[in-house]
Structures are given as structure tokens and as C-alpha cells.
$ cat final_18.cif   # mmCIF, C-alpha atoms
data_start
loop_
_atom_site.label_atom_id
_atom_site.label_comp_id
_atom_site.auth_asym_id
_atom_site.auth_seq_id
_atom_site.Cartn_x
_atom_site.Cartn_y
_atom_site.Cartn_z
CA MET A 1 173.48 188.75 107.96
CA LYS A 2 176.89 188.30 106.36
CA LYS A 3 178.58 189.04 109.69
CA TRP A 4 176.33 186.52 111.41
CA GLY A 5 177.17 183.93 108.78
CA LEU A 6 180.89 184.54 109.23
CA ALA A 7 180.52 184.29 113.00
CA ILE A 8 178.63 181.00 112.76
CA ALA A 9 181.16 179.63 110.29
CA GLY A 10 183.96 180.64 112.65
CA ILE A 11 182.29 178.92 115.59
CA LEU A 12 181.69 175.74 113.58
CA THR A 13 185.29 175.75 112.36
CA TYR A 14 186.49 176.13 115.96
CA MET A 15 184.24 173.31 117.13
CA VAL A 16 185.37 170.95 114.36
CA GLY A 17 189.00 171.85 114.97
CA ILE A 18 188.74 171.18 118.71
CA GLY A 19 186.89 167.92 118.11
CA ILE A 20 189.42 166.62 115.58
CA TYR A 21 192.39 167.68 117.72
CA PHE A 22 190.95 166.08 120.85
CA SER A 23 189.95 162.82 119.17
CA ASN A 24 193.27 162.57 117.31
CA ARG A 25 195.19 162.91 120.55
CA LEU A 26 193.35 159.89 121.98
CA MET A 27 192.82 157.68 118.94
CA TYR A 28 196.35 158.14 117.60
CA MET A 29 198.42 158.78 120.71
CA LYS A 30 202.05 158.81 119.62
CA LYS A 31 203.55 155.35 120.11
CA LYS A 32 207.08 154.61 121.17
CA GLU A 33 209.23 153.18 118.40
CA ASP A 34 209.71 149.40 118.61
CA ASP A 35 213.49 149.79 118.57
CA PHE A 36 213.33 152.35 121.38
CA ILE A 37 211.33 149.95 123.57
CA LYS A 38 213.70 147.08 122.87
CA ASP A 39 216.83 149.16 123.49
CA ARG A 40 215.38 150.55 126.71
CA GLU A 41 214.54 147.11 128.07
CA VAL A 42 217.91 145.67 127.01
CA LEU A 43 219.82 148.56 128.61
CA ALA A 44 217.89 148.08 131.87
CA LYS A 45 218.61 144.31 131.68
CA ARG A 46 214.90 143.56 131.81
CA PHE A 47 215.16 141.91 128.39
CA ILE A 48 218.07 139.59 127.70
CA GLN A 49 217.90 138.54 124.05
CA GLU A 50 219.92 135.34 124.51
CA ASP A 51 217.66 134.11 127.30
CA PHE A 52 214.51 134.96 125.36
CA ASP A 53 215.78 133.21 122.24
CA THR A 54 216.25 129.94 124.11
CA LEU A 55 212.63 129.82 125.32
CA PRO A 56 210.29 127.45 123.45
CA LYS A 57 207.75 129.68 121.80
CA SER A 58 205.22 129.94 118.98
CA GLU A 59 204.22 133.03 117.03
CA ILE A 60 200.47 133.01 116.54
CA TRP A 61 198.12 135.36 114.74
CA VAL A 62 194.75 135.64 116.49
CA PRO A 63 191.78 137.12 114.58
CA SER A 64 190.17 140.06 116.35
CA PRO A 65 186.37 140.39 116.36
CA SER A 66 187.02 143.92 115.07
CA GLY A 67 188.45 142.63 111.80
CA TYR A 68 192.26 142.61 112.07
CA SER A 69 194.87 140.20 113.45
CA LEU A 70 196.69 140.24 116.78
CA LYS A 71 200.34 139.19 116.97
CA CYS A 72 200.79 136.81 119.92
CA MET A 73 203.64 134.77 121.29
CA PHE A 74 202.91 131.63 123.30
CA ILE A 75 205.94 130.91 125.52
CA GLU A 76 205.83 127.38 126.91
CA PRO A 77 208.92 126.23 128.87
CA HIS A 78 206.94 124.24 131.46
CA PRO A 79 204.79 121.06 131.18
CA THR A 80 201.88 122.68 133.01
CA ASN A 81 198.38 124.04 132.52
CA LYS A 82 199.27 127.24 134.43
CA TRP A 83 199.41 130.30 132.18
CA ILE A 84 199.73 134.07 132.51
CA ILE A 85 198.58 136.51 129.82
CA ILE A 86 200.29 139.92 129.79
CA ALA A 87 198.53 143.03 128.44
CA HIS A 88 200.78 146.04 127.83
CA GLY A 89 199.98 149.74 128.08
CA VAL A 90 199.27 152.33 125.42
CA THR A 91 202.33 153.38 123.34
CA GLU A 92 204.18 150.15 124.33
CA ASN A 93 204.31 146.67 122.74
CA LYS A 94 204.80 143.05 123.74
CA THR A 95 208.52 143.59 124.39
CA ASN A 96 207.53 145.66 127.41
CA SER A 97 205.60 142.62 128.68
CA ILE A 98 208.68 140.40 128.84
CA LYS A 99 209.78 141.65 132.27
CA TYR A 100 206.40 140.67 133.72
CA MET A 101 206.42 137.40 131.80
CA ASN A 102 209.76 136.51 133.41
CA ILE A 103 208.28 136.91 136.91
CA PHE A 104 205.78 134.19 136.14
CA LEU A 105 208.08 131.92 134.17
CA LYS A 106 210.25 131.73 137.31
CA ARG A 107 207.16 130.63 139.21
CA GLY A 108 206.31 127.77 136.88
CA PHE A 109 203.81 129.48 134.58
CA ASN A 110 203.78 129.50 130.79
CA ALA A 111 202.94 132.84 129.20
CA VAL A 112 201.21 134.70 126.40
CA ILE A 113 202.45 138.13 125.35
CA TYR A 114 200.78 140.01 122.52
CA ASP A 115 200.50 143.39 120.81
CA HIS A 116 197.30 145.37 121.34
CA ARG A 117 195.49 146.78 118.33
CA ARG A 118 197.50 149.53 116.59
CA HIS A 119 200.64 148.50 118.50
CA GLY A 120 203.65 146.41 117.54
CA ASP A 121 202.81 143.98 114.75
CA SER A 122 199.04 143.84 115.34
CA GLY A 123 196.47 145.43 113.06
CA GLY A 124 193.88 148.03 113.98
CA LYS A 125 193.93 151.77 113.35
CA THR A 126 193.03 153.33 116.71
CA SER A 127 193.55 152.92 120.43
CA SER A 128 190.35 152.76 122.48
CA TYR A 129 191.83 152.37 126.00
CA GLY A 130 190.08 149.10 126.74
CA HIS A 131 186.84 149.41 124.79
CA TYR A 132 187.79 147.28 121.77
CA GLU A 133 190.86 145.86 123.50
CA LYS A 134 188.73 143.90 125.98
CA SER A 135 187.20 141.87 123.14
CA ASP A 136 190.65 141.33 121.67
CA LEU A 137 191.81 139.99 125.04
CA LYS A 138 188.90 137.55 125.04
CA ALA A 139 189.91 136.43 121.54
CA VAL A 140 193.45 135.73 122.80
CA ILE A 141 192.08 133.77 125.76
CA ASP A 142 189.76 131.77 123.52
CA GLU A 143 192.69 130.92 121.23
CA LEU A 144 194.77 129.79 124.21
CA LYS A 145 191.96 127.51 125.40
CA LYS A 146 191.45 126.18 121.88
CA ARG A 147 195.12 125.22 121.60
CA LYS A 148 195.87 124.13 125.16
CA GLY A 149 192.54 122.86 126.45
CA SER A 150 189.72 124.32 128.49
CA ASP A 151 191.05 123.09 131.85
CA LEU A 152 193.63 125.87 132.08
CA PHE A 153 194.56 127.67 135.26
CA PHE A 154 195.42 131.19 134.14
CA GLY A 155 195.76 134.76 135.23
CA ILE A 156 196.02 138.10 133.47
CA HIS A 157 198.51 140.85 134.25
CA GLY A 158 197.93 144.28 132.74
CA GLU A 159 199.77 147.58 132.87
CA SER A 160 197.94 150.93 132.45
CA MET A 161 195.63 150.47 129.42
CA GLY A 162 196.28 146.73 129.74
CA ALA A 163 195.05 146.86 133.34
CA VAL A 164 191.88 148.66 132.25
CA THR A 165 191.44 146.11 129.49
CA LEU A 166 191.54 143.12 131.86
CA LEU A 167 189.16 144.79 134.32
CA LEU A 168 186.66 145.52 131.52
CA TYR A 169 187.05 141.97 130.19
CA ALA A 170 186.37 140.51 133.64
CA GLY A 171 183.62 142.95 134.56
CA MET A 172 181.77 143.21 131.25
CA LEU A 173 182.45 140.05 129.21
CA GLU A 174 183.37 137.13 131.45
CA ASP A 175 185.12 136.67 134.78
CA GLY A 176 187.06 133.92 133.07
CA ALA A 177 190.54 134.05 134.58
CA ASP A 178 191.56 132.58 137.93
CA PHE A 179 193.22 135.83 139.02
CA TYR A 180 194.01 139.35 137.82
CA ILE A 181 196.83 141.80 138.46
CA ALA A 182 195.90 145.37 137.54
CA ASP A 183 198.91 147.69 137.52
CA CYS A 184 198.07 151.45 137.43
CA PRO A 185 194.62 151.43 135.76
CA PHE A 186 192.31 154.42 135.61
CA SER A 187 188.89 153.98 137.21
CA ASN A 188 186.94 156.07 134.71
CA PHE A 189 188.10 157.17 131.26
CA GLU A 190 186.26 160.48 131.29
CA LYS A 191 187.77 161.45 134.63
CA GLN A 192 191.20 160.46 133.30
CA ILE A 193 190.75 162.53 130.15
CA GLN A 194 189.65 165.56 132.16
CA HIS A 195 192.61 165.06 134.50
CA GLN A 196 194.96 165.16 131.51
CA ILE A 197 193.23 168.16 129.94
CA GLY A 198 193.68 170.04 133.20
CA MET A 199 197.41 169.23 133.22
CA GLU A 200 198.15 169.94 129.56
CA ILE A 201 195.76 172.56 128.19
CA PRO A 202 195.11 176.05 129.64
CA PHE A 203 191.37 175.91 128.96
CA PRO A 204 188.50 174.79 131.19
CA THR A 205 187.51 171.18 130.51
CA TRP A 206 183.87 172.11 129.87
CA SER A 207 184.94 174.07 126.78
CA ILE A 208 186.71 171.08 125.20
CA PHE A 209 185.52 167.78 126.60
CA PRO A 210 181.90 167.62 125.31
CA LEU A 211 183.09 168.20 121.74
CA GLY A 212 185.91 165.74 122.10
CA ARG A 213 183.76 162.89 123.39
CA MET A 214 181.24 163.47 120.57
CA PHE A 215 184.01 163.24 117.96
CA ILE A 216 185.31 160.01 119.54
CA LYS A 217 181.81 158.58 119.14
CA LEU A 218 181.51 159.77 115.55
CA ARG A 219 184.98 158.64 114.49
CA ASP A 220 185.62 155.52 116.59
CA GLY A 221 182.15 154.27 117.45
CA TYR A 222 181.96 154.43 121.25
CA TRP A 223 181.21 156.88 124.04
CA THR A 224 184.07 157.55 126.41
CA ASN A 225 181.81 156.90 129.43
CA GLU A 226 181.55 153.27 128.31
CA VAL A 227 185.22 152.79 129.31
CA SER A 228 184.68 152.80 133.05
CA PRO A 229 186.10 149.94 135.14
CA ILE A 230 184.60 151.41 138.31
CA ASP A 231 181.12 150.69 136.95
CA PHE A 232 181.83 146.96 136.60
CA ILE A 233 184.45 146.16 139.23
CA SER A 234 181.88 144.88 141.74
CA THR A 235 180.91 142.05 139.35
CA ILE A 236 184.44 140.56 139.40
CA GLU A 237 184.49 137.67 141.86
CA LYS A 238 188.01 136.29 141.24
CA PRO A 239 191.01 137.66 143.18
CA VAL A 240 192.50 140.95 142.03
CA LEU A 241 195.85 142.45 143.00
CA PHE A 242 195.79 146.22 142.49
CA ILE A 243 199.14 147.96 142.02
CA HIS A 244 200.00 151.63 141.68
CA SER A 245 202.94 153.95 142.33
CA GLU A 246 202.08 156.66 144.81
CA PRO A 247 204.03 159.37 142.88
CA ASP A 248 202.14 158.64 139.61
CA THR A 249 200.87 161.92 138.17
CA PHE A 250 199.65 160.57 134.81
CA ILE A 251 196.98 158.32 136.37
CA PRO A 252 196.57 159.22 140.04
CA ALA A 253 196.91 156.41 142.58
CA SER A 254 193.54 157.53 143.97
CA MET A 255 191.92 155.83 140.97
CA THR A 256 193.33 152.45 141.97
CA LEU A 257 192.23 153.08 145.57
CA GLU A 258 188.72 153.76 144.26
CA LEU A 259 188.74 150.46 142.35
CA TYR A 260 190.16 148.53 145.30
CA GLU A 261 187.48 149.83 147.64
CA ALA A 262 184.70 148.96 145.17
CA LYS A 263 185.95 145.42 144.49
CA LYS A 264 184.05 142.78 146.44
CA GLY A 265 185.60 139.50 147.52
CA PRO A 266 189.29 138.55 147.48
CA LYS A 267 191.66 141.41 146.74
CA GLN A 268 194.98 142.93 147.70
CA LEU A 269 196.57 146.34 147.25
CA TYR A 270 200.20 147.31 146.68
CA LEU A 271 201.04 151.01 146.60
CA ALA A 272 204.68 151.42 145.65
CA LYS A 273 206.53 154.28 147.30
CA ASN A 274 208.70 154.91 144.25
CA GLY A 275 208.10 155.18 140.52
CA ALA A 276 206.27 157.29 137.98
CA HIS A 277 203.40 155.98 135.85
CA ALA A 278 203.79 152.28 134.97
CA GLN A 279 207.13 152.21 136.79
CA SER A 280 206.19 150.29 139.95
CA TYR A 281 208.13 147.22 138.90
CA ASN A 282 211.05 149.09 137.37
CA ALA A 283 211.54 151.17 140.54
CA ASN A 284 210.73 148.46 143.08
CA PRO A 285 211.46 145.05 141.47
CA LYS A 286 212.13 143.04 144.63
CA GLU A 287 209.10 144.35 146.51
CA TYR A 288 206.93 144.00 143.41
CA GLU A 289 207.75 140.30 143.12
CA GLU A 290 207.28 139.78 146.85
CA ARG A 291 203.79 141.26 146.65
CA ILE A 292 202.92 139.01 143.72
CA ASP A 293 204.15 135.99 145.72
CA GLN A 294 202.05 137.07 148.68
CA PHE A 295 198.99 137.47 146.46
CA LEU A 296 199.45 134.08 144.80
CA GLU A 297 200.11 132.26 148.07
CA GLN A 298 197.31 133.87 150.09
CA LEU A 299 194.50 134.26 147.53
CA VAL A 300 195.22 132.24 144.41
CA LEU A 301 197.22 129.04 145.03
CA LYS A 302 196.04 128.37 148.57
#

$ encode --input "final_18.cif" --output "C-alpha cells"
Amino acid sequence: MKKWGLAIAGILTYMVGIGIYFSNRLMYMKKKEDDFIKDREVLAKRFIQEDFDTLPKSEIWVPSPSGYSLKCMFIEPHPTNKWIIIAHGVTENKTNSIKYMNIFLKRGFNAVIYDHRRHGDSGGKTSSYGHYEKSDLKAVIDELKKRKGSDLFFGIHGESMGAVTLLLYAGMLEDGADFYIADCPFSNFEKQIQHQIGMEIPFPTWSIFPLGRMFIKLRDGYWTNEVSPIDFISTIEKPVLFIHSEPDTFIPASMTLELYEAKKGPKQLYLAKNGAHAQSYNANPKEYEERIDQFLEQLVLK
């Protein structure tokens, strides 16, 4: 009996250890340092401090429905009701959104950039890859409408987790924007997790994943299968531009193709020939902007 007890204790210890390790990797994915992001963008000349400093802007704290505050910046150089909201990816912050913001400022839009929960200056303890972030995005949109009026014409651009966030917002909460640009989203969180397990860990996914998803539910309050843009993409009626780099190995481009095919109504697809994950713009800036112009002219501003 003692041997059986030790064996059971060993199995339980293994299960708890796997569950905590798995859930920690997702909930607390190591973020890039704020200074690293800023220095990287400055070195690449995607962020010019002097130009940014001259823009008329307001720093605004938006309360999240999950009980913390979101650090936002409303950048308003134009007397217009046209706005773009930029949602960054996991491990990044709003500084990474400036390069996308600049695309739209040049085209006469005002912009909102903000830090997701647990990133930059915002509150929140965990990353949920769109689950809680979609409600935060709605809170930012509601604040923008409250301050600038309900007759706004606005779009949302998102990169990686930010792209998933906007698709979940539009598909699950409200199709409230006039257009969406989803750059390198995953189509299904569980498939993405299993893809990463297969690349990083020399164990079969069936031996790890069920425990991991249960610990996410216990510790962060949601099931990973709830974060699934592919299940809601068909409800989005507004135009969507899907973007992905073909060489992306972190989130395969096939996931964006799956979303594109499932989307009904107006849509366009841009598969960049160059660039790793979330690098479509960095590796192909001219073509990236041309495809946004094409999308806006043909499906949004026509």
C-alpha cells in the first residue's frame, strides 16, 4: 500500500507540475522590456521621438471591465471623425503600434494606441490571448465614442494577439467598427498551443495539453477553446483585410487562410513573401501600405 501511495503521490506531483508549468508559460509569457522595444523601433527608424512629440495627444486611463486600468493615448492631429485603433501583440506594448499608427495618420486618420492588460503601463496580471482583451478593446472603443461622439468612422488594426482580439470583439461582442485589419492572427487557440508544444517540447501533446488547459481554467477563469476566432468569423459583416507572412513559423499562415475562407462578405488577403511572425510590415513596408490603400479604396472608403 505504501508503494501505491508513493506512486499516486508521484503521479499527482507530476500532473500538478505539468499544469503549473504549462499555464505559467501562457499566462505569464515573458514580455520584452519597454526600453528594448523603444530602442528597436528607434534604431529601425519606425519611431522618431521628435515627430511623435510634436503630435497633439492625450494620455487617458480607461477602466477595464476586469477591474484594472488601461493606458491609452489618443493622437489627434486631424479635424476629422476618422479614427484607427491599434492593438499590439503579446510581449509588445503601444510603442510597437506607432509604426502602424503612422500609416493611418498619413491618410488623414486620428489614432488610439494603448497597452493591453499586463503590458506596458496597463494593469492586469495575466495574458489571455484575446479572451479578456476583447472586452478591454470594447472599453477603449466606448471611451473613444464617449469623448469624440458616436458618429465616428473607425477601424481597428491588430497584430498577432491584437488581431485575435479584434476578431473576437467583432465576432462575439459587437461588429462595431467600419473595418478591420488582422495581421497574423491564429484561427484557434488550442491548435496554436498544440503547434507550439510540438515545436518546443519533445513530448506528445496529448500528455501535456489536457492538464494545461484545465489549469488555465482553474487559474485564469476560461477554457482555451473559448479563444477561437474561426468559430465567430462568419458573423463579422464589415470588411476585413487579412495579413500574414508566408514564412511565419510561430503562427502558420494557413491559419489566416482558414479565417479568410470562412469570412463572409467583403474581405481581402495579403500574404507577404518575406518576414517572420509579425514582421510583414517591417519586411515589406511599401507593399504593406499599398495593400492597405487598396483595401481602403476598394472596400472601405468607396

$ residues_around --input "final_18.cif" --residues "range 279-291 of chain A" --least-positions-apart "5" --cutoff "7 Å" --atoms "only C-alpha atoms" --output "MDAnalysis selection string"
chainID A and resid 244:245 272 274

$ resolve_selection --input "final_18.cif" --expression "the PyMOL selection byres ((chain A and resi 213) around 8)" --output "PDB file with C-alpha atoms, keeping the file's coordinate frame"
ATOM      1  CA  GLY A  19     186.890 167.920 118.110  1.00  0.00           C
ATOM      2  CA  SER A  23     189.950 162.820 119.170  1.00  0.00           C
ATOM      3  CA  PHE A 209     185.520 167.780 126.600  1.00  0.00           C
ATOM      4  CA  PRO A 210     181.900 167.620 125.310  1.00  0.00           C
ATOM      5  CA  LEU A 211     183.090 168.200 121.740  1.00  0.00           C
ATOM      6  CA  GLY A 212     185.910 165.740 122.100  1.00  0.00           C
ATOM      7  CA  MET A 214     181.240 163.470 120.570  1.00  0.00           C
ATOM      8  CA  PHE A 215     184.010 163.240 117.960  1.00  0.00           C
ATOM      9  CA  ILE A 216     185.310 160.010 119.540  1.00  0.00           C
ATOM     10  CA  LYS A 217     181.810 158.580 119.140  1.00  0.00           C
ATOM     11  CA  TRP A 223     181.210 156.880 124.040  1.00  0.00           C
ATOM     12  CA  THR A 224     184.070 157.550 126.410  1.00  0.00           C
TER      13      THR A 224
END

$ atom_distance --input "final_18.cif" --atom1 "CA of Asp183 in chain A" --atom2 "CA of Leu271 in chain A"
9.9 Å

$ closest_residue --input "final_18.cif" --among "A:Ala111, A:Leu173, A:Cys184, A:Ile103" --to "Leu137 in chain A" --atoms "only C-alpha atoms"
A:Leu173

$ resolve_selection --input "final_18.cif" --expression "the PyMOL selection byres ((chain A and resi 139-151) around 9)" --output "JSON, numbers by chain"
{"A": [62, 63, 64, 65, 70, 72, 74, 81, 85, 112, 114, 134, 135, 136, 137, 138, 152, 153, 176, 177]}

$ closest_residue --input "final_18.cif" --among "A:Ile20, A:Phe52, A:Asn102, A:Asn110" --to "Pro77 in chain A" --atoms "all atoms listed in the file"
A:Asn110

$ closest_residue --input "final_18.cif" --among "A:Ile181, A:Leu218, A:Val227, A:Leu43" --to "Asp293 in chain A" --atoms "all atoms listed in the file"
A:Ile181

$ resolve_selection --input "final_18.cif" --expression "the PyMOL selection byres ((chain A and resi 95) around 12)" --output "PyMOL selection string"
chain A and resi 32-42+46-49+52+71-73+86-89+91-94+96-102+112-116+119-121

$ build_atoms --input "final_18.cif" --residues "range 97-108 of chain A" --atoms "all heavy atoms" --output "PDB file, keeping the file's coordinate frame"
ATOM      1  N   SER A  97     206.236 143.638 127.842  1.00  0.00           N
ATOM      2  CA  SER A  97     205.600 142.620 128.680  1.00  0.00           C
ATOM      3  C   SER A  97     206.571 141.539 129.140  1.00  0.00           C
ATOM      4  O   SER A  97     206.245 140.744 130.028  1.00  0.00           O
ATOM      5  CB  SER A  97     204.446 141.957 127.914  1.00  0.00           C
ATOM      6  OG  SER A  97     203.455 142.897 127.566  1.00  0.00           O
ATOM      7  N   ILE A  98     207.757 141.493 128.542  1.00  0.00           N
ATOM      8  CA  ILE A  98     208.680 140.400 128.840  1.00  0.00           C
ATOM      9  C   ILE A  98     209.128 140.408 130.290  1.00  0.00           C
ATOM     10  O   ILE A  98     209.264 139.353 130.917  1.00  0.00           O
ATOM     11  CB  ILE A  98     209.885 140.453 127.868  1.00  0.00           C
ATOM     12  CG1 ILE A  98     209.415 140.058 126.462  1.00  0.00           C
ATOM     13  CG2 ILE A  98     211.013 139.534 128.326  1.00  0.00           C
ATOM     14  CD1 ILE A  98     210.461 140.255 125.376  1.00  0.00           C
ATOM     15  N   LYS A  99     209.343 141.593 130.867  1.00  0.00           N
ATOM     16  CA  LYS A  99     209.780 141.650 132.270  1.00  0.00           C
ATOM     17  C   LYS A  99     208.730 141.051 133.203  1.00  0.00           C
ATOM     18  O   LYS A  99     209.070 140.385 134.186  1.00  0.00           O
ATOM     19  CB  LYS A  99     210.101 143.080 132.670  1.00  0.00           C
ATOM     20  CG  LYS A  99     208.960 144.084 132.554  1.00  0.00           C
ATOM     21  CD  LYS A  99     209.422 145.459 133.038  1.00  0.00           C
ATOM     22  CE  LYS A  99     208.361 146.525 132.868  1.00  0.00           C
ATOM     23  NZ  LYS A  99     208.327 147.022 131.470  1.00  0.00           N
ATOM     24  N   TYR A 100     207.463 141.270 132.906  1.00  0.00           N
ATOM     25  CA  TYR A 100     206.400 140.670 133.720  1.00  0.00           C
ATOM     26  C   TYR A 100     206.281 139.178 133.434  1.00  0.00           C
ATOM     27  O   TYR A 100     206.056 138.378 134.347  1.00  0.00           O
ATOM     28  CB  TYR A 100     205.066 141.367 133.447  1.00  0.00           C
ATOM     29  CG  TYR A 100     205.077 142.844 133.750  1.00  0.00           C
ATOM     30  CD1 TYR A 100     204.828 143.785 132.755  1.00  0.00           C
ATOM     31  CD2 TYR A 100     205.336 143.312 135.036  1.00  0.00           C
ATOM     32  CE1 TYR A 100     204.833 145.139 133.034  1.00  0.00           C
ATOM     33  CE2 TYR A 100     205.338 144.674 135.324  1.00  0.00           C
ATOM     34  CZ  TYR A 100     205.087 145.584 134.319  1.00  0.00           C
ATOM     35  OH  TYR A 100     205.093 146.924 134.588  1.00  0.00           O
ATOM     36  N   MET A 101     206.426 138.812 132.177  1.00  0.00           N
ATOM     37  CA  MET A 101     206.420 137.400 131.800  1.00  0.00           C
ATOM     38  C   MET A 101     207.469 136.630 132.597  1.00  0.00           C
ATOM     39  O   MET A 101     207.202 135.527 133.104  1.00  0.00           O
ATOM     40  CB  MET A 101     206.696 137.272 130.306  1.00  0.00           C
ATOM     41  CG  MET A 101     206.836 135.840 129.802  1.00  0.00           C
ATOM     42  SD  MET A 101     207.627 135.765 128.163  1.00  0.00           S
ATOM     43  CE  MET A 101     209.354 135.972 128.638  1.00  0.00           C
ATOM     44  N   ASN A 102     208.673 137.202 132.718  1.00  0.00           N
ATOM     45  CA  ASN A 102     209.760 136.510 133.410  1.00  0.00           C
ATOM     46  C   ASN A 102     209.434 136.236 134.881  1.00  0.00           C
ATOM     47  O   ASN A 102     209.858 135.220 135.438  1.00  0.00           O
ATOM     48  CB  ASN A 102     211.049 137.320 133.301  1.00  0.00           C
ATOM     49  CG  ASN A 102     211.637 137.282 131.906  1.00  0.00           C
ATOM     50  OD1 ASN A 102     211.402 136.338 131.147  1.00  0.00           O
ATOM     51  ND2 ASN A 102     212.401 138.306 131.547  1.00  0.00           N
ATOM     52  N   ILE A 103     208.694 137.144 135.513  1.00  0.00           N
ATOM     53  CA  ILE A 103     208.280 136.910 136.910  1.00  0.00           C
ATOM     54  C   ILE A 103     207.525 135.597 137.009  1.00  0.00           C
ATOM     55  O   ILE A 103     207.761 134.791 137.915  1.00  0.00           O
ATOM     56  CB  ILE A 103     207.398 138.074 137.407  1.00  0.00           C
ATOM     57  CG1 ILE A 103     208.187 139.384 137.463  1.00  0.00           C
ATOM     58  CG2 ILE A 103     206.793 137.752 138.768  1.00  0.00           C
ATOM     59  CD1 ILE A 103     207.333 140.596 137.785  1.00  0.00           C
ATOM     60  N   PHE A 104     206.636 135.377 136.071  1.00  0.00           N
ATOM     61  CA  PHE A 104     205.780 134.190 136.140  1.00  0.00           C
ATOM     62  C   PHE A 104     206.449 132.951 135.598  1.00  0.00           C
ATOM     63  O   PHE A 104     206.169 131.836 136.070  1.00  0.00           O
ATOM     64  CB  PHE A 104     204.454 134.489 135.440  1.00  0.00           C
ATOM     65  CG  PHE A 104     203.581 135.429 136.210  1.00  0.00           C
ATOM     66  CD1 PHE A 104     203.661 136.794 136.016  1.00  0.00           C
ATOM     67  CD2 PHE A 104     202.702 134.942 137.159  1.00  0.00           C
ATOM     68  CE1 PHE A 104     202.880 137.670 136.756  1.00  0.00           C
ATOM     69  CE2 PHE A 104     201.911 135.791 137.906  1.00  0.00           C
ATOM     70  CZ  PHE A 104     202.000 137.170 137.711  1.00  0.00           C
ATOM     71  N   LEU A 105     207.331 133.094 134.619  1.00  0.00           N
ATOM     72  CA  LEU A 105     208.080 131.920 134.170  1.00  0.00           C
ATOM     73  C   LEU A 105     208.892 131.338 135.320  1.00  0.00           C
ATOM     74  O   LEU A 105     208.976 130.110 135.477  1.00  0.00           O
ATOM     75  CB  LEU A 105     209.018 132.302 133.013  1.00  0.00           C
ATOM     76  CG  LEU A 105     208.395 132.705 131.678  1.00  0.00           C
ATOM     77  CD1 LEU A 105     209.494 132.883 130.627  1.00  0.00           C
ATOM     78  CD2 LEU A 105     207.359 131.704 131.194  1.00  0.00           C
ATOM     79  N   LYS A 106     209.480 132.197 136.152  1.00  0.00           N
ATOM     80  CA  LYS A 106     210.250 131.730 137.310  1.00  0.00           C
ATOM     81  C   LYS A 106     209.383 131.009 138.319  1.00  0.00           C
ATOM     82  O   LYS A 106     209.895 130.247 139.139  1.00  0.00           O
ATOM     83  CB  LYS A 106     210.961 132.910 137.981  1.00  0.00           C
ATOM     84  CG  LYS A 106     212.115 133.491 137.190  1.00  0.00           C
ATOM     85  CD  LYS A 106     212.896 134.510 137.991  1.00  0.00           C
ATOM     86  CE  LYS A 106     212.084 135.746 138.304  1.00  0.00           C
ATOM     87  NZ  LYS A 106     212.894 136.785 138.990  1.00  0.00           N
ATOM     88  N   ARG A 107     208.096 131.240 138.265  1.00  0.00           N
ATOM     89  CA  ARG A 107     207.160 130.630 139.210  1.00  0.00           C
ATOM     90  C   ARG A 107     206.381 129.487 138.579  1.00  0.00           C
ATOM     91  O   ARG A 107     205.339 129.087 139.095  1.00  0.00           O
ATOM     92  CB  ARG A 107     206.252 131.715 139.778  1.00  0.00           C
ATOM     93  CG  ARG A 107     206.980 132.602 140.780  1.00  0.00           C
ATOM     94  CD  ARG A 107     206.411 134.000 140.911  1.00  0.00           C
ATOM     95  NE  ARG A 107     207.168 134.749 141.910  1.00  0.00           N
ATOM     96  CZ  ARG A 107     208.334 135.363 141.679  1.00  0.00           C
ATOM     97  NH1 ARG A 107     208.865 135.313 140.459  1.00  0.00           N
ATOM     98  NH2 ARG A 107     208.961 136.020 142.641  1.00  0.00           N
ATOM     99  N   GLY A 108     206.872 128.984 137.461  1.00  0.00           N
ATOM    100  CA  GLY A 108     206.310 127.770 136.880  1.00  0.00           C
ATOM    101  C   GLY A 108     205.154 127.966 135.929  1.00  0.00           C
ATOM    102  O   GLY A 108     204.511 126.985 135.533  1.00  0.00           O
TER     103      GLY A 108
END
